[in-house]
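Text of start_4.tsv (TSV, N, CA and C atoms and all ligand atoms) as supplied:
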chain	number	residue	atom	x	y	z
O	1	MET	N	-29.97	-120.03	-25.20
O	1	MET	CA	-29.73	-118.59	-25.05
O	1	MET	C	-31.04	-117.90	-24.63
O	2	PRO	N	-30.99	-117.10	-23.53
O	2	PRO	CA	-32.24	-116.46	-23.11
O	2	PRO	C	-32.72	-115.44	-24.14
O	3	GLU	N	-34.04	-115.28	-24.22
O	3	GLU	CA	-34.62	-114.36	-25.18
O	3	GLU	C	-34.41	-112.91	-24.75
O	4	CYS	N	-34.44	-112.68	-23.44
O	4	CYS	CA	-34.46	-111.30	-22.94
O	4	CYS	C	-33.13	-110.60	-23.21
O	5	LEU	N	-33.21	-109.41	-23.82
O	5	LEU	CA	-32.00	-108.66	-24.17
O	5	LEU	C	-31.12	-108.40	-22.95
O	6	PHE	N	-31.72	-107.94	-21.85
O	6	PHE	CA	-30.89	-107.60	-20.70
O	6	PHE	C	-30.38	-108.85	-19.99
O	7	CYS	N	-31.10	-109.96	-20.04
O	7	CYS	CA	-30.56	-111.22	-19.54
O	7	CYS	C	-29.34	-111.63	-20.37
O	8	ARG	N	-29.38	-111.34	-21.67
O	8	ARG	CA	-28.23	-111.66	-22.52
O	8	ARG	C	-27.04	-110.75	-22.21
O	9	ILE	N	-27.32	-109.50	-21.82
O	9	ILE	CA	-26.23	-108.62	-21.36
O	9	ILE	C	-25.64	-109.18	-20.06
O	10	VAL	N	-26.50	-109.63	-19.14
O	10	VAL	CA	-26.02	-110.22	-17.88
O	10	VAL	C	-25.09	-111.39	-18.16
O	11	SER	N	-25.50	-112.25	-19.10
O	11	SER	CA	-24.72	-113.46	-19.37
O	11	SER	C	-23.48	-113.19	-20.22
O	12	GLY	N	-23.41	-111.99	-20.80
O	12	GLY	CA	-22.27	-111.65	-21.64
O	12	GLY	C	-22.47	-111.96	-23.10
O	13	GLY	N	-23.63	-112.51	-23.45
O	13	GLY	CA	-23.91	-112.83	-24.85
O	13	GLY	C	-24.09	-111.61	-25.72
O	14	VAL	N	-24.54	-110.51	-25.12
O	14	VAL	CA	-24.63	-109.22	-25.80
O	14	VAL	C	-23.68	-108.27	-25.08
O	15	PRO	N	-22.78	-107.60	-25.82
O	15	PRO	CA	-21.82	-106.72	-25.15
O	15	PRO	C	-22.49	-105.45	-24.63
O	16	ALA	N	-21.92	-104.90	-23.56
O	16	ALA	CA	-22.40	-103.64	-23.01
O	16	ALA	C	-21.23	-102.97	-22.29
O	17	SER	N	-21.30	-101.66	-22.20
O	17	SER	CA	-20.28	-100.90	-21.50
O	17	SER	C	-20.62	-100.89	-20.01
O	18	ARG	N	-19.98	-101.80	-19.28
O	18	ARG	CA	-20.33	-102.00	-17.87
O	18	ARG	C	-19.73	-100.90	-17.01
O	19	VAL	N	-20.52	-100.46	-16.04
O	19	VAL	CA	-20.10	-99.37	-15.15
O	19	VAL	C	-19.80	-99.92	-13.76
O	20	LEU	N	-20.72	-100.67	-13.18
O	20	LEU	CA	-20.54	-101.26	-11.86
O	20	LEU	C	-21.19	-102.64	-11.85
O	21	GLU	N	-20.66	-103.50	-10.99
O	21	GLU	CA	-21.23	-104.83	-10.83
O	21	GLU	C	-21.30	-105.18	-9.36
O	22	SER	N	-22.32	-105.93	-8.98
O	22	SER	CA	-22.38	-106.53	-7.65
O	22	SER	C	-22.89	-107.94	-7.85
O	23	PRO	N	-22.88	-108.76	-6.81
O	23	PRO	CA	-23.31	-110.15	-7.02
O	23	PRO	C	-24.71	-110.28	-7.62
O	24	ARG	N	-25.60	-109.35	-7.29
O	24	ARG	CA	-26.98	-109.50	-7.78
O	24	ARG	C	-27.43	-108.38	-8.70
O	25	THR	N	-26.54	-107.39	-8.99
O	25	THR	CA	-26.94	-106.27	-9.85
O	25	THR	C	-25.83	-105.96	-10.85
O	26	LEU	N	-26.21	-105.20	-11.87
O	26	LEU	CA	-25.28	-104.82	-12.94
O	26	LEU	C	-25.70	-103.46	-13.47
O	27	SER	N	-24.72	-102.61	-13.77
O	27	SER	CA	-24.97	-101.30	-14.36
O	27	SER	C	-24.18	-101.19	-15.66
O	28	PHE	N	-24.81	-100.63	-16.67
O	28	PHE	CA	-24.15	-100.45	-17.97
O	28	PHE	C	-24.72	-99.22	-18.67
O	29	ARG	N	-23.94	-98.68	-19.61
O	29	ARG	CA	-24.36	-97.45	-20.29
O	29	ARG	C	-25.46	-97.74	-21.30
O	30	ASP	N	-26.45	-96.84	-21.33
O	30	ASP	CA	-27.53	-96.94	-22.31
O	30	ASP	C	-26.94	-96.76	-23.70
O	31	ILE	N	-27.40	-97.57	-24.64
O	31	ILE	CA	-26.86	-97.53	-26.01
O	31	ILE	C	-27.27	-96.25	-26.74
O	32	SER	N	-28.31	-95.59	-26.24
O	32	SER	CA	-28.80	-94.35	-26.86
O	32	SER	C	-28.94	-93.29	-25.77
O	33	PRO	N	-27.82	-92.74	-25.31
O	33	PRO	CA	-27.86	-91.88	-24.12
O	33	PRO	C	-28.66	-90.59	-24.35
O	34	GLN	N	-29.48	-90.27	-23.34
O	34	GLN	CA	-30.30	-89.07	-23.39
O	34	GLN	C	-29.73	-87.95	-22.53
O	35	ALA	N	-28.59	-88.17	-21.94
O	35	ALA	CA	-27.91	-87.18	-21.10
O	35	ALA	C	-26.45	-87.59	-21.04
O	36	PRO	N	-25.55	-86.68	-20.60
O	36	PRO	CA	-24.13	-87.04	-20.53
O	36	PRO	C	-23.88	-88.31	-19.72
O	37	THR	N	-24.59	-88.46	-18.61
O	37	THR	CA	-24.62	-89.76	-17.92
O	37	THR	C	-25.98	-90.39	-18.15
O	38	HIS	N	-25.99	-91.59	-18.71
O	38	HIS	CA	-27.24	-92.35	-18.88
O	38	HIS	C	-26.87	-93.81	-18.69
O	39	VAL	N	-27.09	-94.28	-17.46
O	39	VAL	CA	-26.70	-95.64	-17.07
O	39	VAL	C	-27.96	-96.39	-16.67
O	40	LEU	N	-28.01	-97.66	-17.03
O	40	LEU	CA	-29.11	-98.55	-16.64
O	40	LEU	C	-28.62	-99.47	-15.54
O	41	VAL	N	-29.41	-99.58	-14.47
O	41	VAL	CA	-29.10	-100.47	-13.35
O	41	VAL	C	-30.16	-101.56	-13.30
O	42	ILE	N	-29.72	-102.80	-13.30
O	42	ILE	CA	-30.66	-103.93	-13.36
O	42	ILE	C	-30.29	-104.99	-12.32
O	43	PRO	N	-31.30	-105.77	-11.88
O	43	PRO	CA	-30.98	-107.00	-11.17
O	43	PRO	C	-30.53	-108.06	-12.19
O	44	ARG	N	-29.60	-108.91	-11.79
O	44	ARG	CA	-29.17	-109.97	-12.72
O	44	ARG	C	-30.31	-110.96	-12.99
O	45	ASP	N	-31.13	-111.20	-11.97
O	45	ASP	CA	-32.28	-112.08	-12.18
O	45	ASP	C	-33.36	-111.34	-12.95
O	46	HIS	N	-34.13	-112.10	-13.71
O	46	HIS	CA	-35.14	-111.49	-14.57
O	46	HIS	C	-36.45	-111.24	-13.83
O	47	TYR	N	-36.85	-109.97	-13.78
O	47	TYR	CA	-38.21	-109.57	-13.39
O	47	TYR	C	-38.68	-108.60	-14.46
O	48	PRO	N	-39.92	-108.70	-14.90
O	48	PRO	CA	-40.34	-107.90	-16.05
O	48	PRO	C	-40.42	-106.41	-15.78
O	49	ASP	N	-40.78	-106.04	-14.56
O	49	ASP	CA	-40.95	-104.61	-14.30
O	49	ASP	C	-40.85	-104.33	-12.80
O	50	LEU	N	-40.97	-103.06	-12.44
O	50	LEU	CA	-40.78	-102.67	-11.03
O	50	LEU	C	-41.77	-103.33	-10.09
O	51	PRO	N	-43.08	-103.35	-10.38
O	51	PRO	CA	-43.97	-104.00	-9.44
O	51	PRO	C	-43.68	-105.49	-9.26
O	52	ALA	N	-43.25	-106.16	-10.31
O	52	ALA	CA	-42.92	-107.58	-10.18
O	52	ALA	C	-41.72	-107.77	-9.25
O	53	LEU	N	-40.70	-106.93	-9.42
O	53	LEU	CA	-39.52	-107.03	-8.55
O	53	LEU	C	-39.89	-106.68	-7.11
O	54	THR	N	-40.66	-105.62	-6.94
O	54	THR	CA	-41.03	-105.17	-5.60
O	54	THR	C	-41.80	-106.26	-4.85
O	55	ALA	N	-42.71	-106.91	-5.57
O	55	ALA	CA	-43.52	-107.95	-4.94
O	55	ALA	C	-42.69	-109.18	-4.60
O	56	ALA	N	-41.75	-109.53	-5.49
O	56	ALA	CA	-41.03	-110.80	-5.33
O	56	ALA	C	-39.83	-110.68	-4.41
O	57	ASP	N	-39.11	-109.56	-4.46
O	57	ASP	CA	-37.82	-109.49	-3.75
O	57	ASP	C	-37.48	-108.03	-3.44
O	58	PRO	N	-38.16	-107.44	-2.45
O	58	PRO	CA	-37.90	-106.02	-2.15
O	58	PRO	C	-36.45	-105.76	-1.72
O	59	ALA	N	-35.79	-106.76	-1.16
O	59	ALA	CA	-34.38	-106.56	-0.79
O	59	ALA	C	-33.52	-106.39	-2.05
O	60	LEU	N	-33.89	-107.07	-3.11
O	60	LEU	CA	-33.14	-106.92	-4.37
O	60	LEU	C	-33.40	-105.54	-4.96
O	61	LEU	N	-34.62	-105.03	-4.84
O	61	LEU	CA	-34.89	-103.65	-5.27
O	61	LEU	C	-33.99	-102.69	-4.50
O	62	ALA	N	-33.83	-102.91	-3.22
O	62	ALA	CA	-32.95	-102.06	-2.42
O	62	ALA	C	-31.51	-102.14	-2.92
O	63	GLU	N	-31.08	-103.32	-3.36
O	63	GLU	CA	-29.72	-103.45	-3.91
O	63	GLU	C	-29.59	-102.68	-5.22
O	64	VAL	N	-30.64	-102.71	-6.04
O	64	VAL	CA	-30.64	-101.92	-7.28
O	64	VAL	C	-30.49	-100.44	-6.94
O	65	LEU	N	-31.28	-99.97	-5.98
O	65	LEU	CA	-31.23	-98.55	-5.62
O	65	LEU	C	-29.90	-98.19	-4.98
O	66	SER	N	-29.32	-99.10	-4.25
O	66	SER	CA	-28.00	-98.84	-3.68
O	66	SER	C	-26.97	-98.67	-4.79
O	67	GLN	N	-27.09	-99.50	-5.84
O	67	GLN	CA	-26.15	-99.35	-6.95
O	67	GLN	C	-26.42	-98.07	-7.74
O	68	VAL	N	-27.69	-97.61	-7.79
O	68	VAL	CA	-27.97	-96.30	-8.38
O	68	VAL	C	-27.14	-95.22	-7.67
O	69	ARG	N	-27.13	-95.26	-6.35
O	69	ARG	CA	-26.35	-94.28	-5.59
O	69	ARG	C	-24.87	-94.40	-5.92
O	70	GLU	N	-24.37	-95.62	-6.04
O	70	GLU	CA	-22.95	-95.82	-6.34
O	70	GLU	C	-22.60	-95.34	-7.75
O	71	VAL	N	-23.51	-95.56	-8.69
O	71	VAL	CA	-23.29	-95.06	-10.06
O	71	VAL	C	-23.21	-93.54	-10.05
O	72	ALA	N	-24.13	-92.89	-9.34
O	72	ALA	CA	-24.11	-91.42	-9.29
O	72	ALA	C	-22.81	-90.91	-8.69
O	73	GLU	N	-22.33	-91.58	-7.66
O	73	GLU	CA	-21.05	-91.19	-7.06
O	73	GLU	C	-19.91	-91.40	-8.07
O	74	ALA	N	-19.90	-92.55	-8.71
O	74	ALA	CA	-18.81	-92.89	-9.64
O	74	ALA	C	-18.81	-91.96	-10.85
O	75	GLU	N	-19.99	-91.51	-11.28
O	75	GLU	CA	-20.11	-90.64	-12.45
O	75	GLU	C	-19.91	-89.17	-12.10
O	76	GLY	N	-19.82	-88.87	-10.80
O	76	GLY	CA	-19.59	-87.50	-10.37
O	76	GLY	C	-20.79	-86.59	-10.48
O	77	ILE	N	-22.00	-87.16	-10.41
O	77	ILE	CA	-23.21	-86.37	-10.56
O	77	ILE	C	-24.03	-86.30	-9.27
O	78	SER	N	-23.54	-86.91	-8.21
O	78	SER	CA	-24.36	-86.95	-6.99
O	78	SER	C	-24.50	-85.56	-6.38
O	79	GLY	N	-23.51	-84.69	-6.59
O	79	GLY	CA	-23.60	-83.36	-6.01
O	79	GLY	C	-24.59	-82.46	-6.71
O	80	ARG	N	-24.58	-82.44	-8.04
O	80	ARG	CA	-25.43	-81.51	-8.79
O	80	ARG	C	-26.81	-82.08	-9.03
O	81	GLY	N	-26.99	-83.39	-8.90
O	81	GLY	CA	-28.32	-83.98	-8.99
O	81	GLY	C	-28.48	-84.83	-10.23
O	82	TYR	N	-29.47	-85.68	-10.17
O	82	TYR	CA	-29.72	-86.62	-11.26
O	82	TYR	C	-31.13	-87.16	-11.13
O	83	ARG	N	-31.59	-87.86	-12.16
O	83	ARG	CA	-32.95	-88.41	-12.18
O	83	ARG	C	-32.87	-89.93	-12.27
O	84	VAL	N	-33.78	-90.59	-11.55
O	84	VAL	CA	-33.90	-92.06	-11.57
O	84	VAL	C	-35.30	-92.39	-12.07
O	85	VAL	N	-35.36	-93.18	-13.15
O	85	VAL	CA	-36.64	-93.47	-13.80
O	85	VAL	C	-36.79	-94.98	-13.99
O	86	PHE	N	-37.95	-95.49	-13.57
O	86	PHE	CA	-38.34	-96.87	-13.90
O	86	PHE	C	-39.54	-96.78	-14.84
O	87	ASN	N	-39.34	-96.79	-16.13
O	87	ASN	CA	-40.49	-96.86	-17.03
O	87	ASN	C	-41.19	-98.20	-16.79
O	88	THR	N	-42.52	-98.13	-16.63
O	88	THR	CA	-43.29	-99.32	-16.26
O	88	THR	C	-44.52	-99.42	-17.14
O	89	GLY	N	-44.49	-100.37	-18.07
O	89	GLY	CA	-45.67	-100.63	-18.89
O	89	GLY	C	-45.77	-99.74	-20.11
O	90	ALA	N	-46.86	-99.95	-20.84
O	90	ALA	CA	-47.02	-99.37	-22.17
O	90	ALA	C	-47.08	-97.85	-22.15
O	91	ASP	N	-47.88	-97.26	-21.26
O	91	ASP	CA	-48.01	-95.81	-21.27
O	91	ASP	C	-46.71	-95.10	-20.94
O	92	ALA	N	-45.83	-95.77	-20.21
O	92	ALA	CA	-44.51	-95.19	-19.89
O	92	ALA	C	-43.50	-95.46	-20.99
O	93	GLY	N	-43.89	-96.25	-21.99
O	93	GLY	CA	-42.99	-96.55	-23.08
O	93	GLY	C	-41.92	-97.57	-22.74
O	94	GLN	N	-42.18	-98.43	-21.75
O	94	GLN	CA	-41.18	-99.45	-21.41
O	94	GLN	C	-40.96	-100.36	-22.61
O	95	ALA	N	-39.72	-100.37	-23.10
O	95	ALA	CA	-39.40	-101.13	-24.30
O	95	ALA	C	-38.75	-102.46	-24.00
O	96	VAL	N	-38.02	-102.55	-22.90
O	96	VAL	CA	-37.31	-103.79	-22.55
O	96	VAL	C	-37.95	-104.36	-21.28
O	97	PRO	N	-38.57	-105.54	-21.37
O	97	PRO	CA	-39.29	-106.08	-20.22
O	97	PRO	C	-38.39	-106.84	-19.24
O	98	HIS	N	-37.33	-106.15	-18.81
O	98	HIS	CA	-36.46	-106.61	-17.71
O	98	HIS	C	-36.23	-105.35	-16.89
O	99	VAL	N	-36.72	-105.36	-15.64
O	99	VAL	CA	-36.75	-104.12	-14.86
O	99	VAL	C	-35.39	-103.43	-14.85
O	100	HIS	N	-35.41	-102.11	-15.06
O	100	HIS	CA	-34.17	-101.34	-15.08
O	100	HIS	C	-34.43	-99.93	-14.60
O	101	ALA	N	-33.48	-99.39	-13.84
O	101	ALA	CA	-33.51	-97.99	-13.43
O	101	ALA	C	-32.62	-97.21	-14.39
O	102	HIS	N	-33.21	-96.17	-15.01
O	102	HIS	CA	-32.39	-95.22	-15.77
O	102	HIS	C	-31.80	-94.22	-14.77
O	103	VAL	N	-30.50	-94.00	-14.84
O	103	VAL	CA	-29.84	-92.94	-14.06
O	103	VAL	C	-29.36	-91.89	-15.05
O	104	LEU	N	-29.98	-90.71	-14.97
O	104	LEU	CA	-29.75	-89.64	-15.95
O	104	LEU	C	-29.18	-88.43	-15.24
O	105	GLY	N	-28.11	-87.86	-15.80
O	105	GLY	CA	-27.55	-86.66	-15.18
O	105	GLY	C	-26.45	-86.09	-16.04
O	106	GLY	N	-25.84	-85.05	-15.50
O	106	GLY	CA	-24.76	-84.38	-16.21
O	106	GLY	C	-25.21	-83.16	-16.97
O	107	ARG	N	-26.51	-82.89	-16.98
O	107	ARG	CA	-27.07	-81.66	-17.55
O	107	ARG	C	-28.37	-81.38	-16.81
O	108	ALA	N	-28.88	-80.15	-16.93
O	108	ALA	CA	-30.18	-79.83	-16.37
O	108	ALA	C	-31.25	-80.58	-17.13
O	109	LEU	N	-32.13	-81.28	-16.42
O	109	LEU	CA	-33.16	-82.13	-17.03
O	109	LEU	C	-34.51	-81.43	-16.92
O	110	SER	N	-35.27	-81.40	-18.00
O	110	SER	CA	-36.56	-80.71	-17.98
O	110	SER	C	-37.60	-81.56	-17.22
O	111	TRP	N	-38.59	-80.87	-16.69
O	111	TRP	CA	-39.69	-81.53	-15.99
O	111	TRP	C	-40.96	-80.73	-16.26
O	112	PRO	N	-42.11	-81.34	-16.55
O	112	PRO	CA	-42.31	-82.78	-16.63
O	112	PRO	C	-41.76	-83.37	-17.91
O	113	PRO	N	-41.54	-84.71	-17.92
O	113	PRO	CA	-41.10	-85.37	-19.14
O	113	PRO	C	-42.21	-85.34	-20.19
O	114	GLY	N	-41.87	-85.50	-21.42
O	114	GLY	CA	-42.85	-85.48	-22.50
O	114	GLY	C	-43.74	-86.68	-22.48
L	1	LIG	P1	-37.17	-98.46	-21.53
L	1	LIG	O1	-37.81	-97.69	-22.64
L	1	LIG	O2	-37.54	-99.92	-21.58
L	1	LIG	O3	-37.36	-97.82	-20.18
L	1	LIG	O4	-35.60	-98.33	-21.78
L	1	LIG	C1	-34.85	-99.28	-22.46
L	1	LIG	C2	-33.50	-98.65	-22.71
L	1	LIG	O5	-32.63	-99.65	-23.15
L	1	LIG	C3	-33.51	-97.56	-23.79
L	1	LIG	O6	-33.07	-96.32	-23.22
L	1	LIG	C4	-32.56	-98.09	-24.84
L	1	LIG	O7	-31.76	-97.08	-25.42
L	1	LIG	C5	-31.74	-99.08	-24.07
L	1	LIG	N1	-31.25	-100.18	-24.89
L	1	LIG	C6	-31.96	-100.89	-25.82
L	1	LIG	N2	-31.19	-101.84	-26.36
L	1	LIG	C7	-29.99	-101.75	-25.74
L	1	LIG	C8	-28.76	-102.49	-25.89
L	1	LIG	O8	-28.63	-103.43	-26.67
L	1	LIG	N3	-27.72	-102.10	-25.11
L	1	LIG	C9	-27.81	-101.06	-24.22
L	1	LIG	N4	-26.73	-100.76	-23.50
L	1	LIG	N5	-28.95	-100.35	-24.06
L	1	LIG	C10	-30.02	-100.70	-24.82
L	2	ZN	ZN	-34.27	-110.51	-18.53
Translate the structure described by the file into structure tokens.
Amino acid sequence: MPECLFCRIVSGGVPASRVLESPRTLSFRDISPQAPTHVLVIPRDHYPDLPALTAADPALLAEVLSQVREVAEAEGISGRGYRVVFNTGADAGQAVPHVHAHVLGGRALSWPPG
């Protein structure tokens, strides 16, 4: 069994509320939503963070971002707007070391973040 939490979600060993799937990506609802829509979009393959994914497989990053767009459309937030966040490393508070895009929307979001 893989150690990584999100790899375990990919394999089905840990349940998640799935939103969209593609051959190389997966979207599921954040367990602790910070907005009415809070979906995480990940590559099925394990990369620890955004720079690792970008360096290794930029086409896969493009697939992740394409699914971000599809999630926004499916959630009905593409018109009013939404935020896409890749927390990267300690100062950003990245807690799960499997690259993921947060898609946040459904309410007005404050800026800058805390
Ligand atoms: P990070 O801080 O690494 O950018 O974000 C990790 C996110 O994963 C957090 O928003 C957290 O709520 C979410 N999360 C942590 N554990 C689980 C889980 O088991 N299932 C789901 N769906 N989300 C999780
Ligand atoms: Zn992983």
Name each residue within 7 Å of ligand LIG 1 (chain L), counting only N, CA and C atoms and all ligand atoms, as a PyMOL selection string.
chain O and resi 5+15-17+28-33+85-88+92-98+100+102
Written selection (N, CA and C atoms) as a compact mmCIF listing (two decimals), keeping the file's coordinate frame:
# COMPACT_ATOMS: atom_id res chain seq x y z
N LEU O 5 -33.21 -109.41 -23.82
CA LEU O 5 -32.00 -108.66 -24.17
C LEU O 5 -31.12 -108.40 -22.95
N PRO O 15 -22.78 -107.60 -25.82
CA PRO O 15 -21.82 -106.72 -25.15
C PRO O 15 -22.49 -105.45 -24.63
N ALA O 16 -21.92 -104.90 -23.56
CA ALA O 16 -22.40 -103.64 -23.01
C ALA O 16 -21.23 -102.97 -22.29
N SER O 17 -21.30 -101.66 -22.20
CA SER O 17 -20.28 -100.90 -21.50
C SER O 17 -20.62 -100.89 -20.01
N PHE O 28 -24.81 -100.63 -16.67
CA PHE O 28 -24.15 -100.45 -17.97
C PHE O 28 -24.72 -99.22 -18.67
N ARG O 29 -23.94 -98.68 -19.61
CA ARG O 29 -24.36 -97.45 -20.29
C ARG O 29 -25.46 -97.74 -21.30
N ASP O 30 -26.45 -96.84 -21.33
CA ASP O 30 -27.53 -96.94 -22.31
C ASP O 30 -26.94 -96.76 -23.70
N ILE O 31 -27.40 -97.57 -24.64
CA ILE O 31 -26.86 -97.53 -26.01
C ILE O 31 -27.27 -96.25 -26.74
N SER O 32 -28.31 -95.59 -26.24
CA SER O 32 -28.80 -94.35 -26.86
C SER O 32 -28.94 -93.29 -25.77
N PRO O 33 -27.82 -92.74 -25.31
CA PRO O 33 -27.86 -91.88 -24.12
C PRO O 33 -28.66 -90.59 -24.35
N VAL O 85 -35.36 -93.18 -13.15
CA VAL O 85 -36.64 -93.47 -13.80
C VAL O 85 -36.79 -94.98 -13.99
N PHE O 86 -37.95 -95.49 -13.57
CA PHE O 86 -38.34 -96.87 -13.90
C PHE O 86 -39.54 -96.78 -14.84
N ASN O 87 -39.34 -96.79 -16.13
CA ASN O 87 -40.49 -96.86 -17.03
C ASN O 87 -41.19 -98.20 -16.79
N THR O 88 -42.52 -98.13 -16.63
CA THR O 88 -43.29 -99.32 -16.26
C THR O 88 -44.52 -99.42 -17.14
N ALA O 92 -45.83 -95.77 -20.21
CA ALA O 92 -44.51 -95.19 -19.89
C ALA O 92 -43.50 -95.46 -20.99
N GLY O 93 -43.89 -96.25 -21.99
CA GLY O 93 -42.99 -96.55 -23.08
C GLY O 93 -41.92 -97.57 -22.74
N GLN O 94 -42.18 -98.43 -21.75
CA GLN O 94 -41.18 -99.45 -21.41
C GLN O 94 -40.96 -100.36 -22.61
N ALA O 95 -39.72 -100.37 -23.10
CA ALA O 95 -39.40 -101.13 -24.30
C ALA O 95 -38.75 -102.46 -24.00
N VAL O 96 -38.02 -102.55 -22.90
CA VAL O 96 -37.31 -103.79 -22.55
C VAL O 96 -37.95 -104.36 -21.28
N PRO O 97 -38.57 -105.54 -21.37
CA PRO O 97 -39.29 -106.08 -20.22
C PRO O 97 -38.39 -106.84 -19.24
N HIS O 98 -37.33 -106.15 -18.81
CA HIS O 98 -36.46 -106.61 -17.71
C HIS O 98 -36.23 -105.35 -16.89
N HIS O 100 -35.41 -102.11 -15.06
CA HIS O 100 -34.17 -101.34 -15.08
C HIS O 100 -34.43 -99.93 -14.60
N HIS O 102 -33.21 -96.17 -15.01
CA HIS O 102 -32.39 -95.22 -15.77
C HIS O 102 -31.80 -94.22 -14.77
For O:Val10, the nearest of the candidates O:Gly81, O:Pro112, O:Pro43, O:Pro36, counting only N, CA and C atoms
O:Pro43
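Between atom CA of O:Leu40 and atom CA of O:Cys4 there is a distance of 15.2 Å.
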Compute the set of protein, DNA and RNA residues whose minimum atom distance to ligand ZN 2 (chain L) is at most 7 Å, using only N, CA and C atoms and all ligand atoms, and state it as a list in words.
Glu3, Cys4, Leu5, Phe6, Cys7, Arg8, Arg44, Asp45, His46, Tyr47, Pro48, Pro97, His98 and Val99 of chain O
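What separates atom CA of O:Ala35 from atom CA of O:Gly89 is a distance of 22.4 Å.
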What is the distance, in Å and to one decimal place, between atom N of O:Leu53 and atom N of O:Gly106?
27.1 Å
Which polymer residues have any atom within 8 Å of an atom of O:Leu104, counting only C-alpha atoms, with same-chain residues fewer than 5 positions away left out, as a list in words?
Gln34, Ala35, Pro36, Thr37, His38, Val39, Tyr82, Arg83 and Val84 of chain O
Nearest-residue call for O:Glu75, choices O:Val19, O:Ala108, O:Val14, O:Ala90, using only C-alpha atoms
O:Val19
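Using only N, CA and C atoms for every distance, the candidate list O:Pro113, O:Gly12, O:Arg18, O:Val68 yields O:Val68 as the residue closest to O:Val41.
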Protein and nucleic acid residues near (-23.3, -84.1, -14.0) (cut-off 6 Å, only N, CA and C atoms) as a ChimeraX atom specification
/O:76-77,105-107
Residues of stretch 72-109 of chain O in strand (DSSP E or B), written as a PDB file with N, CA and C atoms, in the frame of the given file:
ATOM      1  N   TYR O  82     -29.470 -85.680 -10.170  1.00  0.00           N
ATOM      2  CA  TYR O  82     -29.720 -86.620 -11.260  1.00  0.00           C
ATOM      3  C   TYR O  82     -31.130 -87.160 -11.130  1.00  0.00           C
ATOM      4  N   ARG O  83     -31.590 -87.860 -12.160  1.00  0.00           N
ATOM      5  CA  ARG O  83     -32.950 -88.410 -12.180  1.00  0.00           C
ATOM      6  C   ARG O  83     -32.870 -89.930 -12.270  1.00  0.00           C
ATOM      7  N   VAL O  84     -33.780 -90.590 -11.550  1.00  0.00           N
ATOM      8  CA  VAL O  84     -33.900 -92.060 -11.570  1.00  0.00           C
ATOM      9  C   VAL O  84     -35.300 -92.390 -12.070  1.00  0.00           C
ATOM     10  N   VAL O  85     -35.360 -93.180 -13.150  1.00  0.00           N
ATOM     11  CA  VAL O  85     -36.640 -93.470 -13.800  1.00  0.00           C
ATOM     12  C   VAL O  85     -36.790 -94.980 -13.990  1.00  0.00           C
ATOM     13  N   ALA O 101     -33.480 -99.390 -13.840  1.00  0.00           N
ATOM     14  CA  ALA O 101     -33.510 -97.990 -13.430  1.00  0.00           C
ATOM     15  C   ALA O 101     -32.620 -97.210 -14.390  1.00  0.00           C
ATOM     16  N   HIS O 102     -33.210 -96.170 -15.010  1.00  0.00           N
ATOM     17  CA  HIS O 102     -32.390 -95.220 -15.770  1.00  0.00           C
ATOM     18  C   HIS O 102     -31.800 -94.220 -14.770  1.00  0.00           C
ATOM     19  N   VAL O 103     -30.500 -94.000 -14.840  1.00  0.00           N
ATOM     20  CA  VAL O 103     -29.840 -92.940 -14.060  1.00  0.00           C
ATOM     21  C   VAL O 103     -29.360 -91.890 -15.050  1.00  0.00           C
ATOM     22  N   LEU O 104     -29.980 -90.710 -14.970  1.00  0.00           N
ATOM     23  CA  LEU O 104     -29.750 -89.640 -15.950  1.00  0.00           C
ATOM     24  C   LEU O 104     -29.180 -88.430 -15.240  1.00  0.00           C
ATOM     25  N   GLY O 105     -28.110 -87.860 -15.800  1.00  0.00           N
ATOM     26  CA  GLY O 105     -27.550 -86.660 -15.180  1.00  0.00           C
ATOM     27  C   GLY O 105     -26.450 -86.090 -16.040  1.00  0.00           C
TER      28      GLY O 105
END
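Nearest-residue note for O:Gln67: choosing from O:Asp91, O:Leu50, O:Ser27, O:Ala55, the minimum distance belongs to O:Ser27, counting only N, CA and C atoms.
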If you run DSSP on the backbone here, which positions in stretch 1-54 of chain O get helix (DSSP H, G or I)? Please write them as number ranges by chain.
O: 5-11, 50-54
